[in-house]
Amino acid sequence: MKQFFIVFVWMFLMSFSGQAQQNVKHTVSSGETVTQIAQKYKVTPLDIYTLNPDARNGLKEKSVLLIPSKGVVKIPVKEQKVVETPSVQKKGNTHTVAPKETAYGLAKQYNVSVADLEKANPEIKDGLKIGQVLTIPGKQQETPKQETKPSKKEERKAEKKAEKEEKKEAKNGGQNIVHEVQPKETKYSIAKKYGITLEELEKKNPEAKEGLKIGQVLVIKGNAPKVEIAEKKSETPKQETPKQETTDAGFGKYEVKPKETLYSLSRQFGLSQNDLTDLNPELKDGVKVGMILKVPNTLPLANASSKNFTDLTKSLSTKERKELVLLLPFNVSKIEGDTTSSVQARLKKDNFLNMTLDFYSGALVAIDSAKTLGLNIDVKILDSQENRNSSSISSTFVQNNLTKADVVVGPFYQAHAEKTAEMLNKSNVPVISPLSKDSGKLYSNLYQSMPTVDYLKSAMFDYMNSKNGNIVAVVDPKKASTRKYISDNYSNVKFASFTDKGGLSPESLKSLLVKNQMNYVVMETASIWMIKSTISALLAAQSEYQLQLVILESNDALDSDEISIANLAKLRMLYPAVTRDNDTPEALIFSKVYKKKNNIFPNQYATRGFDVTFDAMLRLSQEKSFEETIYDATTEQVENKFNYNRNPSGGYSNKGVYILYYDEDLTVKEAK
């Protein structure tokens, strides 16, 4: 397996070499704007914002911007005020359309008629587009005529002609207006602003069908938004009453995101589709990105056990091609200069790299399984170059346009997964955090695939309460936070007392037990001596009472040679777990395939890599959207359960937890 990993690291390193794009650096001059700089280099403002996210907050003099090389033109060393002059060709000149230019203005500039300009460029009948290269009819001079000051009569004649052209354009549906997309703007809000439909907006700007990006320039055939005239009439304009934003008590506002449907919205807010449409009649015409809906303020808390287990392989759809991105911390830049022997040495001591490669090897088996099933999915594997404090997520986001992905798995560290979710939030691309148990910022598109420690505990208490058990807690005095957690959340739990020497008092324990009822004894301590005294007291009481030992989380002290596993099995020790042992035929096939590829059986990280990746690919390959499968389907893969539930504050948490116990035959079984 090590040999496989070494070969992989070198192959991955080779794939990264030569990929760096050569970008041009531009030093900002005083007063320069992003639009002006974009025009100089024949790129769009979006290209500049993409490589320089901070530029959205404004430009600073002498700051350096990266300009994409694909559209670079040579800029004179000594910058001068440039006047648009078309380049000369034998059969006529060409002109590159700049923002705010119109067919009428260009015709006037080059002393030709609009009809001749349209005859030479038939495509402009649907409007001009920034960056479009036009052929200027050859009847004009090599350069535009030197303008001389016209007479007043000529000025009046030109004004009347311009007025006539404007009225004609307005009659035909308005002028071509250039609009640069601002933060938080949506297609719906822009269309409404200019008095056009979404279909008209997308027809003029086909690229907008995939969603808008800040700085993107749109061409709109409509009327410019009306400018408030109140300022001219009075120093203090009349305060305009905003549209009613408040709703009935118990309701609030929600802005529709990309890829959301009437079905997913109804499930998200705990309403039927009819109820949601009654609240928002505009939904009868379809769900549109940017719509503001009236929704309940309080979201229903989904019951983690209310969804049925679903085999998604039986409902596959391959109509649409999807894209899955894996952001994994290979950190190739750290080993670029390593020799084969040094890579071997690194693998022996770098646990994080080994974990990454194990996860990756499991994901590869998932990708092969998806191919066998005929899933219509492209997979990109990218290096997140992350450690606890830093990552390359921002540059990776820019270079690979992650907004086109349908699902992103990774990064590993919670903070970097949150950063990725933040960047993809506007595009509503699901980001799955594959390994972190931490709970942080709850972005609406962030999916925590690892149940948190707190949820493991609450799942254990929910199970005991569902069995109508009598719950007694033996909590080490050193674990004050655990005692507080139990007291604050589960008032029905009784606490056992300790002897003067610090051990469990058998009398105290016995006084809290109840006959003819299951007694769950929760033990929370890291002290081997306290564990032994608790086990002894429970074994002594077992002849009179039904009881079961319970732990809330993994406890290394139980692995001590001083603790008898046989005694834990006699007490049928119960505990919550993220994974379970699986000896089904499907699980055995995975182990067999993995061993054949890697000459070793899969460990927990390899299995996790398979489960998270394969589950995401199956959810992508349904008639429903990825988010809709979250509301309907709980799934099980080899060792992991995926039961995503929406958090009231945003995002999704996996509540797929197993309640396991040690059976008397020393095997681990799932409690029912």
# chains A, B, ... in the order shown; residues from 1 in each chain; ligands from 1
call {"tool": "select_by_dssp", "arguments": {"residues": "stretch 363-421 of chain A", "states": "alpha helix (DSSP H)", "output": "ChimeraX atom specification"}}
result
/A:363-373,393-400,414-421
call {"tool": "residues_around", "arguments": {"residues": "A:Phe352", "least_positions_apart": "4", "cutoff": "12 Å", "atoms": "only C-alpha atoms", "output": "VMD selection string"}}
result
chain A and resid 328 to 331 346 to 348 356 to 359 385 to 388 412 to 413 605
call {"tool": "atom_distance", "arguments": {"atom1": "atom CA of A:Pro451", "atom2": "atom CA of A:Leu571"}}
result
26.3 Å
call {"tool": "atom_distance", "arguments": {"atom1": "atom CA of A:Gln548", "atom2": "atom CA of A:Lys467"}}
result
12.3 Å
call {"tool": "closest_residue", "arguments": {"among": "A:Tyr463, A:Phe309, A:Glu524, A:Ser266", "to": "A:Pro296", "atoms": "only C-alpha atoms"}}
result
A:Ser266
call {"tool": "closest_residue", "arguments": {"among": "A:Val217, A:Thr96, A:Ser436, A:Val133", "to": "A:Thr35", "atoms": "only C-alpha atoms"}}
result
A:Val217
call {"tool": "residues_around", "arguments": {"residues": "A:Glu202", "least_positions_apart": "3", "cutoff": "10 Å", "atoms": "only C-alpha atoms", "output": "compact mmCIF listing (two decimals) with all heavy atoms, in the first residue's frame"}}
result
# COMPACT_ATOMS: atom_id res chain seq x y z
N LYS A 187 -31.04 37.89 -10.45
CA LYS A 187 -31.66 38.11 -11.76
C LYS A 187 -33.08 38.66 -11.60
O LYS A 187 -33.51 39.53 -12.35
CB LYS A 187 -31.69 36.78 -12.54
CG LYS A 187 -30.32 36.32 -13.02
CD LYS A 187 -30.42 35.11 -13.91
CE LYS A 187 -30.73 33.87 -13.12
NZ LYS A 187 -30.71 32.65 -13.96
N ALA A 191 -34.20 42.22 -13.17
CA ALA A 191 -35.27 42.26 -14.16
C ALA A 191 -36.39 43.20 -13.70
O ALA A 191 -36.92 43.99 -14.48
CB ALA A 191 -35.82 40.85 -14.38
N THR A 197 -38.74 40.92 -18.18
CA THR A 197 -38.94 39.59 -17.60
C THR A 197 -37.60 38.87 -17.46
O THR A 197 -36.60 39.26 -18.09
CB THR A 197 -39.86 38.74 -18.50
OG1 THR A 197 -39.20 38.51 -19.75
CG2 THR A 197 -41.19 39.45 -18.75
N LEU A 198 -37.60 37.82 -16.64
CA LEU A 198 -36.39 37.01 -16.49
C LEU A 198 -35.99 36.39 -17.82
O LEU A 198 -34.80 36.28 -18.14
CB LEU A 198 -36.62 35.89 -15.46
CG LEU A 198 -36.46 36.27 -13.99
CD1 LEU A 198 -36.84 35.09 -13.12
CD2 LEU A 198 -35.03 36.67 -13.70
N GLU A 199 -36.99 35.99 -18.63
CA GLU A 199 -36.70 35.38 -19.92
C GLU A 199 -35.98 36.37 -20.84
O GLU A 199 -35.02 36.02 -21.54
CB GLU A 199 -38.00 34.90 -20.58
CG GLU A 199 -38.64 33.69 -19.91
CD GLU A 199 -39.28 34.03 -18.57
OE1 GLU A 199 -39.56 35.22 -18.32
OE2 GLU A 199 -39.48 33.10 -17.77
N ASN A 205 -28.53 37.77 -22.21
CA ASN A 205 -27.30 37.38 -21.51
C ASN A 205 -27.36 35.89 -21.20
O ASN A 205 -27.63 35.49 -20.06
CB ASN A 205 -27.15 38.19 -20.20
CG ASN A 205 -27.24 39.68 -20.44
OD1 ASN A 205 -26.27 40.33 -20.72
ND2 ASN A 205 -28.46 40.22 -20.31
N PRO A 206 -27.12 35.03 -22.20
CA PRO A 206 -27.24 33.58 -22.00
C PRO A 206 -26.39 33.05 -20.85
O PRO A 206 -26.76 32.10 -20.17
CB PRO A 206 -26.77 33.00 -23.35
CG PRO A 206 -26.96 34.12 -24.33
CD PRO A 206 -26.71 35.37 -23.57
N GLU A 207 -25.23 33.70 -20.62
CA GLU A 207 -24.35 33.23 -19.56
C GLU A 207 -24.98 33.39 -18.18
O GLU A 207 -24.56 32.75 -17.21
CB GLU A 207 -23.00 33.98 -19.59
CG GLU A 207 -23.06 35.47 -19.24
CD GLU A 207 -23.53 36.36 -20.39
OE1 GLU A 207 -23.91 35.82 -21.45
OE2 GLU A 207 -23.53 37.59 -20.22
N ALA A 208 -26.00 34.26 -18.07
CA ALA A 208 -26.65 34.50 -16.78
C ALA A 208 -27.54 33.33 -16.36
O ALA A 208 -27.97 33.26 -15.21
CB ALA A 208 -27.49 35.78 -16.84
N LYS A 209 -27.81 32.40 -17.28
CA LYS A 209 -28.65 31.25 -16.93
C LYS A 209 -28.02 30.41 -15.84
O LYS A 209 -28.70 29.74 -15.07
CB LYS A 209 -28.92 30.40 -18.17
CG LYS A 209 -29.83 31.08 -19.19
CD LYS A 209 -30.06 30.20 -20.41
CE LYS A 209 -30.96 30.91 -21.42
NZ LYS A 209 -31.17 30.07 -22.62
N GLU A 210 -26.68 30.42 -15.79
CA GLU A 210 -25.96 29.63 -14.77
C GLU A 210 -25.88 30.36 -13.43
O GLU A 210 -25.30 29.85 -12.48
CB GLU A 210 -24.54 29.33 -15.26
CG GLU A 210 -24.48 28.56 -16.57
CD GLU A 210 -25.10 27.18 -16.44
OE1 GLU A 210 -24.99 26.60 -15.35
OE2 GLU A 210 -25.71 26.71 -17.41
N GLY A 211 -26.43 31.59 -13.37
CA GLY A 211 -26.35 32.38 -12.14
C GLY A 211 -25.48 33.60 -12.33
O GLY A 211 -24.70 33.70 -13.29
N LEU A 218 -24.01 42.94 -17.60
CA LEU A 218 -25.18 42.51 -18.34
C LEU A 218 -25.61 43.57 -19.34
O LEU A 218 -25.47 44.78 -19.08
CB LEU A 218 -26.35 42.23 -17.39
CG LEU A 218 -26.10 41.22 -16.26
CD1 LEU A 218 -27.34 41.15 -15.37
CD2 LEU A 218 -25.76 39.86 -16.82
N VAL A 219 -26.10 43.13 -20.49
CA VAL A 219 -26.70 44.04 -21.46
C VAL A 219 -28.21 43.87 -21.35
O VAL A 219 -28.73 42.76 -21.46
CB VAL A 219 -26.23 43.73 -22.89
CG1 VAL A 219 -26.92 44.66 -23.88
CG2 VAL A 219 -24.73 43.88 -22.99
N ILE A 220 -28.91 44.98 -21.11
CA ILE A 220 -30.35 44.92 -20.86
C ILE A 220 -31.07 45.80 -21.86
O ILE A 220 -30.73 46.99 -22.03
CB ILE A 220 -30.65 45.38 -19.42
CG1 ILE A 220 -30.00 44.40 -18.44
CG2 ILE A 220 -32.15 45.48 -19.19
CD1 ILE A 220 -29.94 44.89 -17.04
call {"tool": "residues_around", "arguments": {"residues": "stretch 628-636 of chain A", "least_positions_apart": "2", "cutoff": "9 Å", "atoms": "only C-alpha atoms", "output": "PyMOL selection string"}}
result
chain A and resi 260-261+263-264+267-268+305+307-312+611+615+619-620+622+624-626+638-646+652+656
call {"tool": "residues_around", "arguments": {"residues": "A:Asn567", "least_positions_apart": "4", "cutoff": "10 Å", "atoms": "only C-alpha atoms", "output": "PyMOL selection string"}}
result
chain A and resi 532+535-536+538-539+563+571-573+662+664+666
call {"tool": "atom_distance", "arguments": {"atom1": "atom CA of A:Ile589", "atom2": "atom CA of A:Glu670"}}
result
21.5 Å
call {"tool": "residues_around", "arguments": {"residues": "A:Lys404", "least_positions_apart": "6", "cutoff": "10 Å", "atoms": "only C-alpha atoms", "output": "PyMOL selection string"}}
result
chain A and resi 210-211+322-325+424+427+429
call {"tool": "closest_residue", "arguments": {"among": "A:Glu61, A:Asp47, A:Asp383, A:Asp561", "to": "A:Asn23", "atoms": "only C-alpha atoms"}}
result
A:Asp47
call {"tool": "closest_residue", "arguments": {"among": "A:Asn121, A:Asn445, A:Gln546, A:Ser369", "to": "A:Thr613", "atoms": "only C-alpha atoms"}}
result
A:Ser369
call {"tool": "select_by_dssp", "arguments": {"residues": "stretch 603-663 of chain A", "states": "strand (DSSP E or B)", "output": "PyMOL selection string"}}
result
chain A and resi 634-636+640-642+644-646+652-654+658-662
call {"tool": "write_last_selection", "arguments": {"atoms": "N, CA, C and O atoms", "output": "compact mmCIF listing (two decimals), in the first residue's frame"}}
result
# COMPACT_ATOMS: atom_id res chain seq x y z
N THR A 634 -32.86 8.77 4.42
CA THR A 634 -31.76 8.39 5.30
C THR A 634 -31.08 7.20 4.64
O THR A 634 -31.75 6.27 4.20
N THR A 635 -29.76 7.24 4.56
CA THR A 635 -29.04 6.19 3.85
C THR A 635 -28.00 5.55 4.77
O THR A 635 -27.53 6.15 5.73
N GLU A 636 -27.64 4.31 4.43
CA GLU A 636 -26.54 3.62 5.10
C GLU A 636 -25.58 3.12 4.03
O GLU A 636 -26.01 2.56 3.02
N ASN A 640 -21.23 3.91 7.78
CA ASN A 640 -21.79 5.19 8.21
C ASN A 640 -23.24 5.34 7.78
O ASN A 640 -23.65 4.90 6.70
N LYS A 641 -23.99 6.04 8.63
CA LYS A 641 -25.38 6.37 8.36
C LYS A 641 -25.47 7.86 8.06
O LYS A 641 -24.82 8.68 8.72
N PHE A 642 -26.30 8.24 7.06
CA PHE A 642 -26.45 9.65 6.70
C PHE A 642 -27.92 10.04 6.82
O PHE A 642 -28.74 9.73 5.96
N TYR A 644 -29.40 13.44 7.36
CA TYR A 644 -29.23 14.89 7.46
C TYR A 644 -30.53 15.54 7.89
O TYR A 644 -31.61 15.22 7.39
N ASN A 645 -30.42 16.49 8.81
CA ASN A 645 -31.57 17.27 9.27
C ASN A 645 -31.19 18.75 9.25
O ASN A 645 -30.06 19.12 9.59
N ARG A 646 -32.15 19.57 8.84
CA ARG A 646 -31.88 21.01 8.76
C ARG A 646 -31.83 21.62 10.15
O ARG A 646 -32.69 21.37 10.98
N TYR A 652 -27.07 21.92 7.63
CA TYR A 652 -27.60 20.58 7.91
C TYR A 652 -26.62 19.78 8.77
O TYR A 652 -25.40 19.87 8.58
N SER A 653 -27.16 19.00 9.69
CA SER A 653 -26.34 18.14 10.55
C SER A 653 -26.75 16.69 10.32
O SER A 653 -27.93 16.39 10.11
N ASN A 654 -25.76 15.81 10.37
CA ASN A 654 -26.03 14.39 10.23
C ASN A 654 -26.39 13.81 11.60
O ASN A 654 -25.59 13.85 12.53
N TYR A 658 -25.54 5.38 15.65
CA TYR A 658 -25.86 4.00 16.05
C TYR A 658 -25.79 3.89 17.57
O TYR A 658 -24.89 4.44 18.20
N ILE A 659 -26.73 3.16 18.16
CA ILE A 659 -26.68 2.82 19.58
C ILE A 659 -26.25 1.35 19.64
O ILE A 659 -26.99 0.46 19.21
N LEU A 660 -25.05 1.12 20.17
CA LEU A 660 -24.46 -0.22 20.16
C LEU A 660 -24.27 -0.74 21.59
O LEU A 660 -24.26 0.05 22.54
N TYR A 661 -24.09 -2.05 21.72
CA TYR A 661 -23.82 -2.62 23.04
C TYR A 661 -22.94 -3.86 22.91
O TYR A 661 -22.90 -4.52 21.86
N TYR A 662 -22.22 -4.15 24.00
CA TYR A 662 -21.43 -5.37 24.07
C TYR A 662 -22.36 -6.51 24.48
O TYR A 662 -23.00 -6.46 25.53
call {"tool": "closest_residue", "arguments": {"among": "A:Ile471, A:Leu327, A:Leu588, A:Leu568", "to": "A:Val379", "atoms": "only C-alpha atoms"}}
result
A:Leu327
call {"tool": "residues_around", "arguments": {"residues": "A:Val474", "least_positions_apart": "5", "cutoff": "6 Å", "atoms": "only C-alpha atoms", "output": "ChimeraX atom specification"}}
result
/A:496,522-523
